[in-house]
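Participant: First, the structure itself, so that you have it in front of you.
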Amino acid sequence: MLLAKRTAPPSAGAFSLPGGRVEAGESLEDAALRELEEETGVEARIIGFNRAVEMMVADTATQLRQHYVVLSFVGLWISGEGQTGPEASEILWAEPHEIARLTTTPHLHAIVENAQKILLDRNLA
């Protein structure tokens, strides 16, 4: 899998899946593929939806500052080796079992585990 080390909050300095915002009028799949290519230079094709994860960032114990909903997709590599940029200070191709040794964003382990099941169900792993 392709991981990118985040340069900006939340979770700056942690490895995560590449991604970002959906632009107006853009499908979720198109946004995922565009963000992947913009952040890493990698092209892929979507296999299917993986899962949703919520992240809440608080200023204090009682004040919520931001609420993110992260949607992940399973994809297969088409081209590109991965390159760093303003949003990714490091790019890492890793086997799923290798993420345990990394500092990652919350829920990455569960996201990857579910993606593996999807690939196995489709005989792509």
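In the structure tokens, chains take the letters A, B, ... in the order shown, each chain's residues start at 1, and ligands count up from 1 in the order shown.
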Kindly provide the residues of range 67-125 of chain A that approach range 13-32 of chain A to within 6 Å, each paired with its closest atom pair and their distance in Å to one decimal, based on only C-alpha atoms, listed by chain and increasing number, as CSV.
Facilitator:
residue,atom,partner,partner_atom,distance
A:Thr103,CA,A:Ala14,CA,5.2
A:Thr104,CA,A:Phe15,CA,4.5
A:Thr105,CA,A:Ser16,CA,5.6
Participant: Would you return as a ChimeraX atom specification the members of chain A that DSSP assigns to strand (DSSP E or B) on this structure's backbone?
Facilitator: /A:2-6,15-16,43-58,64-79,85,88-93,104
Participant: Could you save those same residues with N, CA and C atoms as a compact mmCIF listing (two decimals), in the first residue's frame?
Facilitator:
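Printed below is out04.txt as written:
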# COMPACT_ATOMS: atom_id res chain seq x y z
N LEU A 2 0.33 2.33 -0.44
CA LEU A 2 1.05 3.59 -0.50
C LEU A 2 0.65 4.46 0.68
N LEU A 3 1.64 4.88 1.46
CA LEU A 3 1.41 5.76 2.60
C LEU A 3 2.15 7.07 2.38
N ALA A 4 1.59 8.14 2.91
CA ALA A 4 2.22 9.46 2.83
C ALA A 4 2.32 10.02 4.24
N LYS A 5 3.49 10.60 4.55
CA LYS A 5 3.65 11.24 5.86
C LYS A 5 3.09 12.65 5.76
N ARG A 6 2.11 12.94 6.60
CA ARG A 6 1.39 14.22 6.55
C ARG A 6 2.30 15.38 6.99
N PHE A 15 2.03 8.81 9.26
CA PHE A 15 1.73 8.22 7.97
C PHE A 15 0.23 8.01 7.85
N SER A 16 -0.27 8.23 6.64
CA SER A 16 -1.69 8.09 6.36
C SER A 16 -1.86 7.68 4.91
N GLU A 43 -1.00 7.06 -10.12
CA GLU A 43 -2.32 6.85 -10.71
C GLU A 43 -2.81 5.46 -10.30
N ALA A 44 -4.12 5.37 -10.05
CA ALA A 44 -4.72 4.09 -9.66
C ALA A 44 -6.12 4.00 -10.24
N ARG A 45 -6.70 2.84 -10.09
CA ARG A 45 -8.13 2.68 -10.42
C ARG A 45 -8.83 2.19 -9.17
N ILE A 46 -10.05 2.68 -8.99
CA ILE A 46 -10.84 2.32 -7.82
C ILE A 46 -11.43 0.92 -7.99
N ILE A 47 -11.27 0.12 -6.95
CA ILE A 47 -11.89 -1.22 -6.91
C ILE A 47 -13.23 -1.14 -6.21
N GLY A 48 -13.31 -0.32 -5.15
CA GLY A 48 -14.56 -0.18 -4.43
C GLY A 48 -14.39 0.67 -3.18
N PHE A 49 -15.52 0.98 -2.58
CA PHE A 49 -15.53 1.75 -1.34
C PHE A 49 -15.03 0.86 -0.21
N ASN A 50 -14.25 1.45 0.70
CA ASN A 50 -13.72 0.70 1.84
C ASN A 50 -14.55 0.97 3.08
N ARG A 51 -14.40 2.15 3.67
CA ARG A 51 -15.16 2.47 4.89
C ARG A 51 -15.06 3.95 5.21
N ALA A 52 -15.91 4.39 6.13
CA ALA A 52 -15.90 5.77 6.63
C ALA A 52 -15.34 5.79 8.03
N VAL A 53 -14.60 6.86 8.36
CA VAL A 53 -14.05 7.06 9.69
C VAL A 53 -14.30 8.51 10.07
N GLU A 54 -14.75 8.74 11.30
CA GLU A 54 -14.94 10.10 11.81
C GLU A 54 -13.76 10.48 12.70
N MET A 55 -13.31 11.72 12.56
CA MET A 55 -12.28 12.26 13.44
C MET A 55 -12.77 13.60 13.97
N MET A 56 -12.67 13.78 15.25
CA MET A 56 -13.07 15.04 15.87
C MET A 56 -11.86 15.65 16.56
N VAL A 57 -11.63 16.93 16.29
CA VAL A 57 -10.50 17.65 16.87
C VAL A 57 -11.06 18.71 17.80
N ALA A 58 -10.61 18.66 19.06
CA ALA A 58 -11.13 19.60 20.07
C ALA A 58 -10.07 20.63 20.44
N LEU A 64 -15.40 21.50 20.61
CA LEU A 64 -15.07 20.83 19.37
C LEU A 64 -14.67 21.87 18.32
N ARG A 65 -13.53 21.68 17.69
CA ARG A 65 -13.04 22.63 16.68
C ARG A 65 -13.34 22.16 15.26
N GLN A 66 -13.11 20.87 14.99
CA GLN A 66 -13.34 20.35 13.65
C GLN A 66 -13.87 18.93 13.73
N HIS A 67 -14.66 18.58 12.72
CA HIS A 67 -15.22 17.24 12.62
C HIS A 67 -14.99 16.79 11.18
N TYR A 68 -14.15 15.78 11.01
CA TYR A 68 -13.83 15.25 9.68
C TYR A 68 -14.53 13.92 9.49
N VAL A 69 -14.99 13.69 8.26
CA VAL A 69 -15.46 12.37 7.86
C VAL A 69 -14.54 11.94 6.71
N VAL A 70 -13.80 10.88 6.96
CA VAL A 70 -12.83 10.38 5.99
C VAL A 70 -13.40 9.14 5.34
N LEU A 71 -13.50 9.17 4.02
CA LEU A 71 -14.00 8.03 3.26
C LEU A 71 -12.83 7.42 2.51
N SER A 72 -12.65 6.11 2.65
CA SER A 72 -11.52 5.47 1.97
C SER A 72 -12.02 4.50 0.91
N PHE A 73 -11.18 4.35 -0.10
CA PHE A 73 -11.45 3.47 -1.22
C PHE A 73 -10.30 2.49 -1.38
N VAL A 74 -10.60 1.35 -1.94
CA VAL A 74 -9.56 0.39 -2.31
C VAL A 74 -9.25 0.62 -3.77
N GLY A 75 -7.98 0.72 -4.09
CA GLY A 75 -7.57 0.94 -5.47
C GLY A 75 -6.41 0.07 -5.85
N LEU A 76 -6.20 -0.05 -7.14
CA LEU A 76 -5.05 -0.78 -7.67
C LEU A 76 -4.17 0.18 -8.44
N TRP A 77 -2.87 0.06 -8.23
CA TRP A 77 -1.87 0.90 -8.84
C TRP A 77 -1.90 0.75 -10.36
N ILE A 78 -1.77 1.89 -11.07
CA ILE A 78 -1.64 1.89 -12.52
C ILE A 78 -0.24 2.34 -12.90
N SER A 79 0.19 3.50 -12.37
CA SER A 79 1.51 4.02 -12.73
C SER A 79 2.00 5.01 -11.68
N GLY A 85 5.89 15.98 -1.73
CA GLY A 85 5.41 17.28 -2.15
C GLY A 85 5.00 18.08 -0.93
N ALA A 88 2.96 15.86 1.48
CA ALA A 88 3.53 14.57 1.87
C ALA A 88 5.04 14.69 1.93
N SER A 89 5.60 14.68 3.15
CA SER A 89 7.04 14.83 3.31
C SER A 89 7.81 13.55 3.04
N GLU A 90 7.10 12.43 3.06
CA GLU A 90 7.72 11.13 2.79
C GLU A 90 6.67 10.21 2.18
N ILE A 91 7.09 9.40 1.23
CA ILE A 91 6.21 8.42 0.60
C ILE A 91 6.79 7.05 0.91
N LEU A 92 5.92 6.12 1.25
CA LEU A 92 6.36 4.79 1.64
C LEU A 92 5.43 3.75 1.05
N TRP A 93 5.99 2.81 0.29
CA TRP A 93 5.24 1.64 -0.14
C TRP A 93 5.46 0.59 0.93
N THR A 104 1.07 6.36 12.77
CA THR A 104 0.03 6.53 11.75
C THR A 104 -1.13 7.37 12.28
Participant: Find the spatial neighbours of Met1 in chain A, counting only C-alpha atoms, within a cut-off of 7 Å - ignore same-chain residues fewer than 5 positions away - and output them as number ranges by chain.
Facilitator: A: 93-96
Participant: DSSP on the backbone: which residues in chain A end up as helix (DSSP H, G or I)? Give the answer as a ChimeraX atom specification.
Facilitator: /A:28-40,96-101,108-121
Participant: Which distance in Å separates CA of Thr7 in chain A and CA of Leu108 in chain A, to one decimal?
Facilitator: 16.8 Å
Participant: Report, in Å to a single decimal, how far apart CA of Pro10 in chain A and CA of Asp59 in chain A are.
Facilitator: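 It comes out at 12.2 Å.
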Participant: Can you work out which one of A:Leu119, A:Ala61, A:Leu36, A:Ile99 has the shortest atom-to-atom distance to Gly82 in chain A, counting only C-alpha atoms?
Facilitator: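 Result for the nearest residue to Gly82 in chain A: A:Leu36.
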Participant: So, with only C-alpha atoms as the atoms that count, which of A:Glu39, A:Ala100, A:Glu87, A:His107 lies closest to Pro9 in chain A?
Facilitator: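 Of A:Glu39, A:Ala100, A:Glu87, A:His107, the one nearest Pro9 in chain A, counting only C-alpha atoms, is A:Glu87.
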Participant: Enter the distance from CA of Ala8 in chain A to CA of Pro86 in chain A, in Å, rounded to one decimal.
Facilitator: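 According to the coordinates, CA of Ala8 in chain A and CA of Pro86 in chain A are separated by 9.1 Å.
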